[in-house]
Structures are given as structure tokens and as C-alpha cells.
file coords-v7.txt (compact mmCIF, C-alpha atoms)
# COMPACT_ATOMS: atom_id res chain seq x y z
CA MET A 1 72.96 61.08 -32.58
CA ALA A 2 72.29 57.51 -33.64
CA LEU A 3 72.27 56.31 -37.23
CA SER A 4 68.80 54.93 -37.93
CA LEU A 5 66.39 54.33 -40.77
CA ALA A 6 65.13 57.62 -42.13
CA PRO A 7 61.47 58.44 -41.39
CA GLY A 8 59.25 56.62 -43.87
CA VAL A 9 61.84 53.96 -44.72
CA THR A 10 61.26 50.35 -43.68
CA PHE A 11 62.67 46.96 -44.63
CA CYS A 12 62.08 43.25 -44.27
CA GLU A 13 64.08 40.09 -44.83
CA VAL A 14 62.73 37.69 -47.44
CA ASP A 15 64.40 34.46 -48.55
CA GLY A 16 67.78 35.66 -47.32
CA SER A 17 67.49 39.08 -49.00
CA ARG A 18 66.60 42.52 -47.67
CA VAL A 19 63.86 44.50 -49.38
CA PHE A 20 63.41 48.19 -48.55
CA LEU A 21 60.41 50.44 -48.94
CA ASP A 22 60.60 54.22 -49.08
CA LEU A 23 57.01 55.16 -48.30
CA ASN A 24 57.63 58.82 -49.10
CA ARG A 25 58.60 57.94 -52.68
CA ASP A 26 56.52 54.79 -53.12
CA ARG A 27 59.65 52.86 -54.05
CA TYR A 28 60.77 49.31 -53.29
CA PHE A 29 64.47 48.51 -53.68
CA SER A 30 67.39 46.43 -52.49
CA LEU A 31 71.02 47.33 -51.82
CA GLY A 32 74.12 46.34 -53.70
CA GLN A 33 76.52 43.89 -52.11
CA GLY A 34 78.85 46.49 -50.57
CA ALA A 35 76.07 48.69 -49.24
CA ASP A 36 74.22 45.67 -47.86
CA ALA A 37 77.33 44.52 -46.00
CA ALA A 38 77.70 47.98 -44.44
CA PHE A 39 74.00 48.03 -43.52
CA ASN A 40 74.36 44.56 -42.01
CA ALA A 41 77.15 45.83 -39.74
CA LEU A 42 74.85 48.66 -38.62
CA VAL A 43 71.98 46.27 -37.91
CA ARG A 44 74.23 44.00 -35.84
CA GLY A 45 75.77 46.92 -33.95
CA HIS A 46 79.30 46.26 -35.24
CA PRO A 47 81.69 49.23 -35.56
CA PRO A 48 81.99 49.93 -39.30
CA GLY A 49 85.32 49.88 -41.06
CA ASP A 50 86.42 52.80 -43.22
CA GLU A 51 84.88 51.40 -46.40
CA GLU A 52 81.68 50.46 -44.57
CA GLN A 53 81.44 53.95 -43.10
CA GLN A 54 81.73 55.42 -46.58
CA ARG A 55 78.86 53.20 -47.69
CA LEU A 56 76.75 54.26 -44.71
CA ASP A 57 77.48 57.91 -45.47
CA MET A 58 76.28 57.33 -49.03
CA LEU A 59 73.07 55.72 -47.73
CA THR A 60 72.55 58.72 -45.47
CA THR A 61 73.03 61.13 -48.36
CA ALA A 62 70.55 59.08 -50.41
CA GLY A 63 67.93 59.45 -47.66
CA LEU A 64 67.85 55.82 -46.55
CA LEU A 65 69.49 56.52 -43.19
CA ALA A 66 69.36 59.52 -40.87
CA ARG A 67 71.10 60.63 -37.68
CA LEU A 68 68.37 61.00 -35.08
CA PRO A 69 68.63 62.15 -31.43
CA PHE A 70 66.89 59.06 -30.07
CA GLY A 71 67.33 56.74 -33.01
CA GLU A 72 67.75 52.98 -32.75
CA ALA A 73 69.63 50.49 -34.86
CA PRO A 74 67.55 49.50 -37.91
CA ARG A 75 65.27 46.53 -37.41
CA PRO A 76 63.14 44.64 -39.93
CA CYS A 77 59.38 45.06 -39.85
CA ARG A 78 57.80 42.93 -37.14
CA PRO A 79 55.63 39.89 -37.99
CA VAL A 80 51.84 40.28 -38.01
CA PRO A 81 50.23 37.35 -36.14
CA ILE A 82 46.90 36.13 -37.49
CA ASP A 83 44.68 33.71 -35.58
CA ARG A 84 41.71 33.63 -37.93
CA ALA A 85 40.38 34.82 -41.27
CA PRO A 86 36.57 34.93 -41.50
CA LEU A 87 36.66 34.48 -45.28
CA ASP A 88 38.21 31.05 -44.72
CA GLU A 89 35.34 29.99 -42.49
CA ASP A 90 31.89 28.79 -43.44
CA ILE A 91 29.98 31.60 -41.73
CA GLU A 92 26.47 32.76 -42.41
CA VAL A 93 26.50 36.56 -42.29
CA GLU A 94 23.46 38.67 -42.99
CA LEU A 95 24.47 41.70 -45.05
CA ALA A 96 22.41 44.87 -45.32
CA ARG A 97 22.25 45.97 -48.96
CA MET A 98 22.56 49.64 -48.03
CA ARG A 99 25.76 49.02 -46.07
CA VAL A 100 27.24 47.05 -48.97
CA ALA A 101 26.33 49.89 -51.37
CA LYS A 102 27.91 52.52 -49.08
CA SER A 103 31.05 50.39 -48.74
CA ALA A 104 31.25 50.06 -52.53
CA ILE A 105 31.15 53.84 -52.82
CA ALA A 106 33.87 54.15 -50.17
CA PHE A 107 36.06 51.71 -52.11
CA ARG A 108 35.56 53.59 -55.38
CA LEU A 109 36.47 56.88 -53.69
CA ALA A 110 39.55 55.30 -52.12
CA LYS A 111 40.59 53.87 -55.49
CA ARG A 112 40.17 57.22 -57.23
CA SER A 113 42.21 59.01 -54.57
CA TYR A 114 44.88 56.29 -54.66
CA GLN A 115 45.20 56.55 -58.43
CA ARG A 116 45.45 60.33 -58.35
CA ARG A 117 47.70 60.84 -55.31
CA GLY A 118 49.43 57.51 -54.77
CA LEU A 119 50.55 55.48 -51.77
CA PRO A 120 52.42 58.20 -49.82
CA TYR A 121 49.35 60.44 -49.58
CA ALA A 122 46.95 57.57 -48.82
CA TRP A 123 49.24 56.09 -46.16
CA SER A 124 49.88 59.40 -44.37
CA ARG A 125 46.20 60.39 -44.53
CA PHE A 126 45.12 57.12 -42.96
CA GLY A 127 47.81 57.52 -40.31
CA ARG A 128 46.47 60.94 -39.35
CA GLN A 129 42.89 59.62 -39.20
CA LYS A 130 43.99 56.73 -37.00
CA ASP A 131 46.00 58.96 -34.66
CA VAL A 132 43.03 61.26 -34.10
CA ARG A 133 40.80 58.33 -33.09
CA LEU A 134 43.39 56.10 -31.45
CA SER A 135 42.41 56.61 -27.80
CA ALA A 136 38.74 55.84 -28.55
CA LEU A 137 39.27 52.70 -30.64
CA ARG A 138 38.32 49.29 -29.26
CA ALA A 139 38.79 45.70 -30.32
CA GLY A 140 36.05 44.50 -32.62
CA THR A 141 33.86 41.56 -31.70
CA ALA A 142 33.96 38.42 -33.84
CA ARG A 143 30.50 39.27 -35.15
CA GLU A 144 31.54 42.80 -36.15
CA LEU A 145 34.70 41.62 -37.89
CA ASP A 146 32.88 38.80 -39.69
CA GLU A 147 30.34 41.30 -41.02
CA LEU A 148 33.08 43.66 -42.19
CA ALA A 149 35.01 40.89 -43.93
CA TYR A 150 31.99 39.50 -45.77
CA ARG A 151 30.58 42.93 -46.58
CA PHE A 152 33.78 43.98 -48.32
CA ASP A 153 34.14 40.59 -49.92
CA ALA A 154 30.75 41.28 -51.50
CA VAL A 155 32.02 44.73 -52.55
CA GLY A 156 35.10 43.18 -54.16
CA ARG A 157 33.01 40.73 -56.16
CA MET A 158 30.54 43.45 -57.13
CA VAL A 159 32.88 46.22 -58.32
CA GLY A 160 36.15 44.33 -58.79
CA ALA A 161 38.98 44.66 -56.27
CA LEU A 162 41.54 42.51 -58.13
CA ASN A 163 44.87 44.37 -58.45
CA HIS A 164 43.54 47.14 -56.20
CA CYS A 165 44.60 45.76 -52.82
CA GLY A 166 45.88 49.16 -51.64
CA PRO A 167 42.66 51.17 -51.89
CA PHE A 168 40.59 48.10 -51.02
CA SER A 169 42.45 47.62 -47.73
CA LEU A 170 42.29 51.35 -47.06
CA ALA A 171 38.52 51.29 -47.53
CA ILE A 172 38.14 48.39 -45.08
CA ALA A 173 40.46 50.04 -42.56
CA GLY A 174 38.54 53.28 -42.93
CA ALA A 175 35.30 51.43 -42.21
CA CYS A 176 36.88 50.03 -39.04
CA LEU A 177 37.87 53.51 -37.86
CA ALA A 178 34.39 54.83 -38.62
CA ALA A 179 32.97 52.04 -36.44
CA GLY A 180 35.48 52.80 -33.67
CA LEU A 181 37.41 49.56 -34.16
CA LYS A 182 41.14 48.97 -33.91
CA VAL A 183 42.75 48.08 -37.23
CA ASP A 184 46.20 47.88 -38.83
CA LEU A 185 47.14 48.33 -42.46
CA VAL A 186 49.92 46.02 -43.60
CA LEU A 187 52.13 46.13 -46.68
CA GLY A 188 54.01 42.97 -47.58
CA VAL A 189 56.31 41.70 -50.32
CA LYS A 190 57.45 38.44 -51.88
CA LEU A 191 60.22 37.61 -54.33
CA ARG A 192 60.67 35.56 -57.50
CA PRO A 193 58.80 37.29 -58.96
CA PHE A 194 58.64 40.44 -56.90
CA GLN A 195 55.14 41.34 -55.81
CA ALA A 196 53.64 43.63 -53.16
CA HIS A 197 50.32 43.28 -51.40
CA ALA A 198 48.28 45.24 -48.84
CA TRP A 199 45.86 43.85 -46.29
CA ALA A 200 43.90 44.88 -43.19
CA VAL A 201 44.08 43.17 -39.80
CA ALA A 202 41.88 43.90 -36.79
CA GLY A 203 43.68 42.59 -33.74
CA ARG A 204 44.67 39.09 -34.88
CA THR A 205 41.82 38.72 -37.38
CA LEU A 206 42.47 39.09 -41.10
CA ILE A 207 39.48 40.96 -42.54
CA SER A 208 40.50 41.81 -46.11
CA ASP A 209 41.75 38.49 -47.53
CA ARG A 210 41.97 34.76 -47.20
CA LEU A 211 44.95 33.55 -45.21
CA SER A 212 46.31 31.67 -48.23
CA THR A 213 46.81 35.01 -49.98
CA VAL A 214 48.69 36.96 -47.31
CA SER A 215 50.73 33.98 -46.10
CA GLN A 216 52.80 34.34 -49.27
CA PHE A 217 53.97 37.81 -48.22
CA THR A 218 56.40 39.12 -45.59
CA PRO A 219 55.28 42.34 -43.85
CA ILE A 220 57.44 45.35 -44.71
CA ALA A 221 55.32 48.16 -43.20
CA ILE A 222 52.53 48.37 -40.63
CA LEU A 223 50.31 51.34 -39.83

call {"tool": "encode", "arguments": {"input": "coords-v7.txt", "output": "C-alpha cells"}}
result
Amino acid sequence: MALSLAPGVTFCEVDGSRVFLDLNRDRYFSLGQGADAAFNALVRGHPPGDEEQQRLDMLTTAGLLARLPFGEAPRPCRPVPIDRAPLDEDIEVELARMRVAKSAIAFRLAKRSYQRRGLPYAWSRFGRQKDVRLSALRAGTARELDELAYRFDAVGRMVGALNHCGPFSLAIAGACLAAGLKVDLVLGVKLRPFQAHAWAVAGRTLISDRLSTVSQFTPIAIL
């Protein structure tokens, strides 16, 4: 039984600090100095001393760590490579008004659900939807992704997506799944001051934001 991150717990390293996310509780946090030193020994595969083992036991009791049959040493969230962001390009995209209206409704429904049930429900629901369709999903063409990016950009300007990056990204990702396109949801964080952000990436194309926005954040969870 290997000591690993508990299901639903992720972390990233930002400016020399570790930030954790417990998706099940919708909680971001960091560790105290002693606990972080013990966690660092676990990450590096070093045998813990007695005091470090006590700290690791406390983290296990708190639900941060778990002993799993095929668990691996904790690793930070992987980077999310981005080659292009359509919203940063001067592209002429013809948008159908009906599709924009339907996407606005989808965003409003996602926002309402997000406000009522929170991140854990929204994240797990999207994960189930993606798993069901996974084998049938394909990479989107540049034209398809450009249309999605500009359609939801129009939605954001029409109904207001500021400070609603979670449901906004979920709505875009949901539209990708409905169209049979591969997509990832990403949660990222930055420090000083602390801030979290969500975005949607299809392959290596950023479809929910401008690159200047997400480049400020370090990915902490990917779905």
C-alpha cells in the first residue's frame, strides 16, 4: 500500500510554494512548515524520520493523503501546453445568432447550477459526461475551435462572464462534448494575491480566454 494523494486532492508549485486543492470540499490551502517538509520527503521518495512520519499520519487522518494499493508518490499537476488562442488572433468568424442565443442559455444554466451546488458537483458531473463520450471524441478543426471561442466570447460580452470563469468554462467544455470534440477543463492558481481561475483547452488551443489571462496561472487540476 503506497502513500499517495487522496482521491480529489491535487497540488501545484507556485513561486516556490505548494498550493493544494481538495476538489471534494472546494478548498484551496497550503501546509505548515513541518507538514510541508514531511510532504517534501514523500514527494522525493526519501524515507521519513519519526517526526516526519507523524506529520504524514496527520495528513492521512485529515484526508490529504491515502494508502492506495497501486498508489504513486505525489506529483504536482502537469503543465498545459498552449500553441494558440483564437481570441488573440484577428479572425473573421461568422456567428449564427441562434447558436449564440443557445450558448447564452447554456451558460446561464451552468452558472445557476454552479451557484447552487458548487465546484465539486460541477466538476464530477462534467467528468462523468466526458467519460461516457471519451471514445467517440475527436480533435476539433481550427475552424470549429475558432467558432466556439468567438461564439462564447460573444456570450460573455452579452450576459457577463466576469468573475464566473467556472461555469463559463464548463459551458464551453459542454459545448465541445456536445459537438464530439476533445476538451480539457483546467483550474489554475496564482499568489500575491491568491486567485484561482478556470479555463477550457481543446488539444493545444485555448478556447475560453486570451493567453495573457491564463499565463498568469499555474494549473492545479485538469479534467

call {"tool": "atom_distance", "arguments": {"input": "coords-v7.txt", "atom1": "CA of Asp88 in chain A", "atom2": "CA of Ile220 in chain A"}}
result
24.0 Å

call {"tool": "closest_atom_pairs", "arguments": {"input": "coords-v7.txt", "of": "range 166-207 of chain A", "to": "range 133-155 of chain A", "cutoff": "10 Å", "atoms": "only C-alpha atoms", "output": "JSON lines"}}
result
{"residue": "A:Phe168", "atom": "CA", "partner": "A:Phe152", "partner_atom": "CA", "distance": 8.4}
{"residue": "A:Ser169", "atom": "CA", "partner": "A:Phe152", "partner_atom": "CA", "distance": 9.4}
{"residue": "A:Ala171", "atom": "CA", "partner": "A:Phe152", "partner_atom": "CA", "distance": 8.7}
{"residue": "A:Ile172", "atom": "CA", "partner": "A:Phe152", "partner_atom": "CA", "distance": 7.0}
{"residue": "A:Ala173", "atom": "CA", "partner": "A:Leu148", "partner_atom": "CA", "distance": 9.8}
{"residue": "A:Ala175", "atom": "CA", "partner": "A:Leu148", "partner_atom": "CA", "distance": 8.1}
{"residue": "A:Cys176", "atom": "CA", "partner": "A:Leu148", "partner_atom": "CA", "distance": 8.1}
{"residue": "A:Leu177", "atom": "CA", "partner": "A:Arg133", "partner_atom": "CA", "distance": 7.4}
{"residue": "A:Ala178", "atom": "CA", "partner": "A:Arg133", "partner_atom": "CA", "distance": 9.2}
{"residue": "A:Ala179", "atom": "CA", "partner": "A:Leu137", "partner_atom": "CA", "distance": 8.6}
{"residue": "A:Gly180", "atom": "CA", "partner": "A:Leu137", "partner_atom": "CA", "distance": 4.9}
{"residue": "A:Leu181", "atom": "CA", "partner": "A:Arg138", "partner_atom": "CA", "distance": 5.0}
{"residue": "A:Lys182", "atom": "CA", "partner": "A:Leu137", "partner_atom": "CA", "distance": 5.3}
{"residue": "A:Val183", "atom": "CA", "partner": "A:Ala139", "partner_atom": "CA", "distance": 8.3}
{"residue": "A:Ala200", "atom": "CA", "partner": "A:Ala149", "partner_atom": "CA", "distance": 9.8}
{"residue": "A:Val201", "atom": "CA", "partner": "A:Leu145", "partner_atom": "CA", "distance": 9.7}
{"residue": "A:Ala202", "atom": "CA", "partner": "A:Gly140", "partner_atom": "CA", "distance": 7.2}
{"residue": "A:Gly203", "atom": "CA", "partner": "A:Ala139", "partner_atom": "CA", "distance": 6.7}
{"residue": "A:Arg204", "atom": "CA", "partner": "A:Ala139", "partner_atom": "CA", "distance": 10.0}
{"residue": "A:Thr205", "atom": "CA", "partner": "A:Leu145", "partner_atom": "CA", "distance": 7.7}
{"residue": "A:Leu206", "atom": "CA", "partner": "A:Ala149", "partner_atom": "CA", "distance": 8.2}
{"residue": "A:Ile207", "atom": "CA", "partner": "A:Ala149", "partner_atom": "CA", "distance": 4.7}

call {"tool": "closest_residue", "arguments": {"input": "coords-v7.txt", "among": "A:Asp22, A:Ala196, A:Glu92, A:Ala73", "to": "Phe217 in chain A", "atoms": "only C-alpha atoms"}}
result
A:Ala196

call {"tool": "atom_distance", "arguments": {"input": "coords-v7.txt", "atom1": "CA of Gly63 in chain A", "atom2": "CA of Tyr114 in chain A"}}
result
24.3 Å

call {"tool": "residues_near_point", "arguments": {"input": "coords-v7.txt", "point": "(39.0, 55.4, -49.6)", "cutoff": "10 Å", "atoms": "all atoms listed in the file", "output": "ChimeraX atom specification"}}
result
/A:103-114,122,126,166-175

call {"tool": "residues_around", "arguments": {"input": "coords-v7.txt", "residues": "range 1-8 of chain A", "least_positions_apart": "6", "cutoff": "6 Å", "atoms": "only C-alpha atoms", "output": "PDB file with C-alpha atoms, keeping the file's coordinate frame"}}
result
ATOM      1  CA  ASP A  22      60.600  54.220 -49.080  1.00  0.00           C
ATOM      2  CA  LEU A  23      57.010  55.160 -48.300  1.00  0.00           C
ATOM      3  CA  ASN A  24      57.630  58.820 -49.100  1.00  0.00           C
ATOM      4  CA  LEU A  64      67.850  55.820 -46.550  1.00  0.00           C
ATOM      5  CA  LEU A  65      69.490  56.520 -43.190  1.00  0.00           C
ATOM      6  CA  ALA A  66      69.360  59.520 -40.870  1.00  0.00           C
ATOM      7  CA  ARG A  67      71.100  60.630 -37.680  1.00  0.00           C
ATOM      8  CA  LEU A  68      68.370  61.000 -35.080  1.00  0.00           C
ATOM      9  CA  PRO A  69      68.630  62.150 -31.430  1.00  0.00           C
ATOM     10  CA  GLY A  71      67.330  56.740 -33.010  1.00  0.00           C
ATOM     11  CA  GLU A  72      67.750  52.980 -32.750  1.00  0.00           C
ATOM     12  CA  ALA A  73      69.630  50.490 -34.860  1.00  0.00           C
ATOM     13  CA  PRO A  74      67.550  49.500 -37.910  1.00  0.00           C
TER      14      PRO A  74
END

call {"tool": "closest_residue", "arguments": {"input": "coords-v7.txt", "among": "A:Gly118, A:Gly16, A:Gly188, A:Gly127", "to": "Thr218 in chain A", "atoms": "only C-alpha atoms"}}
result
A:Gly188
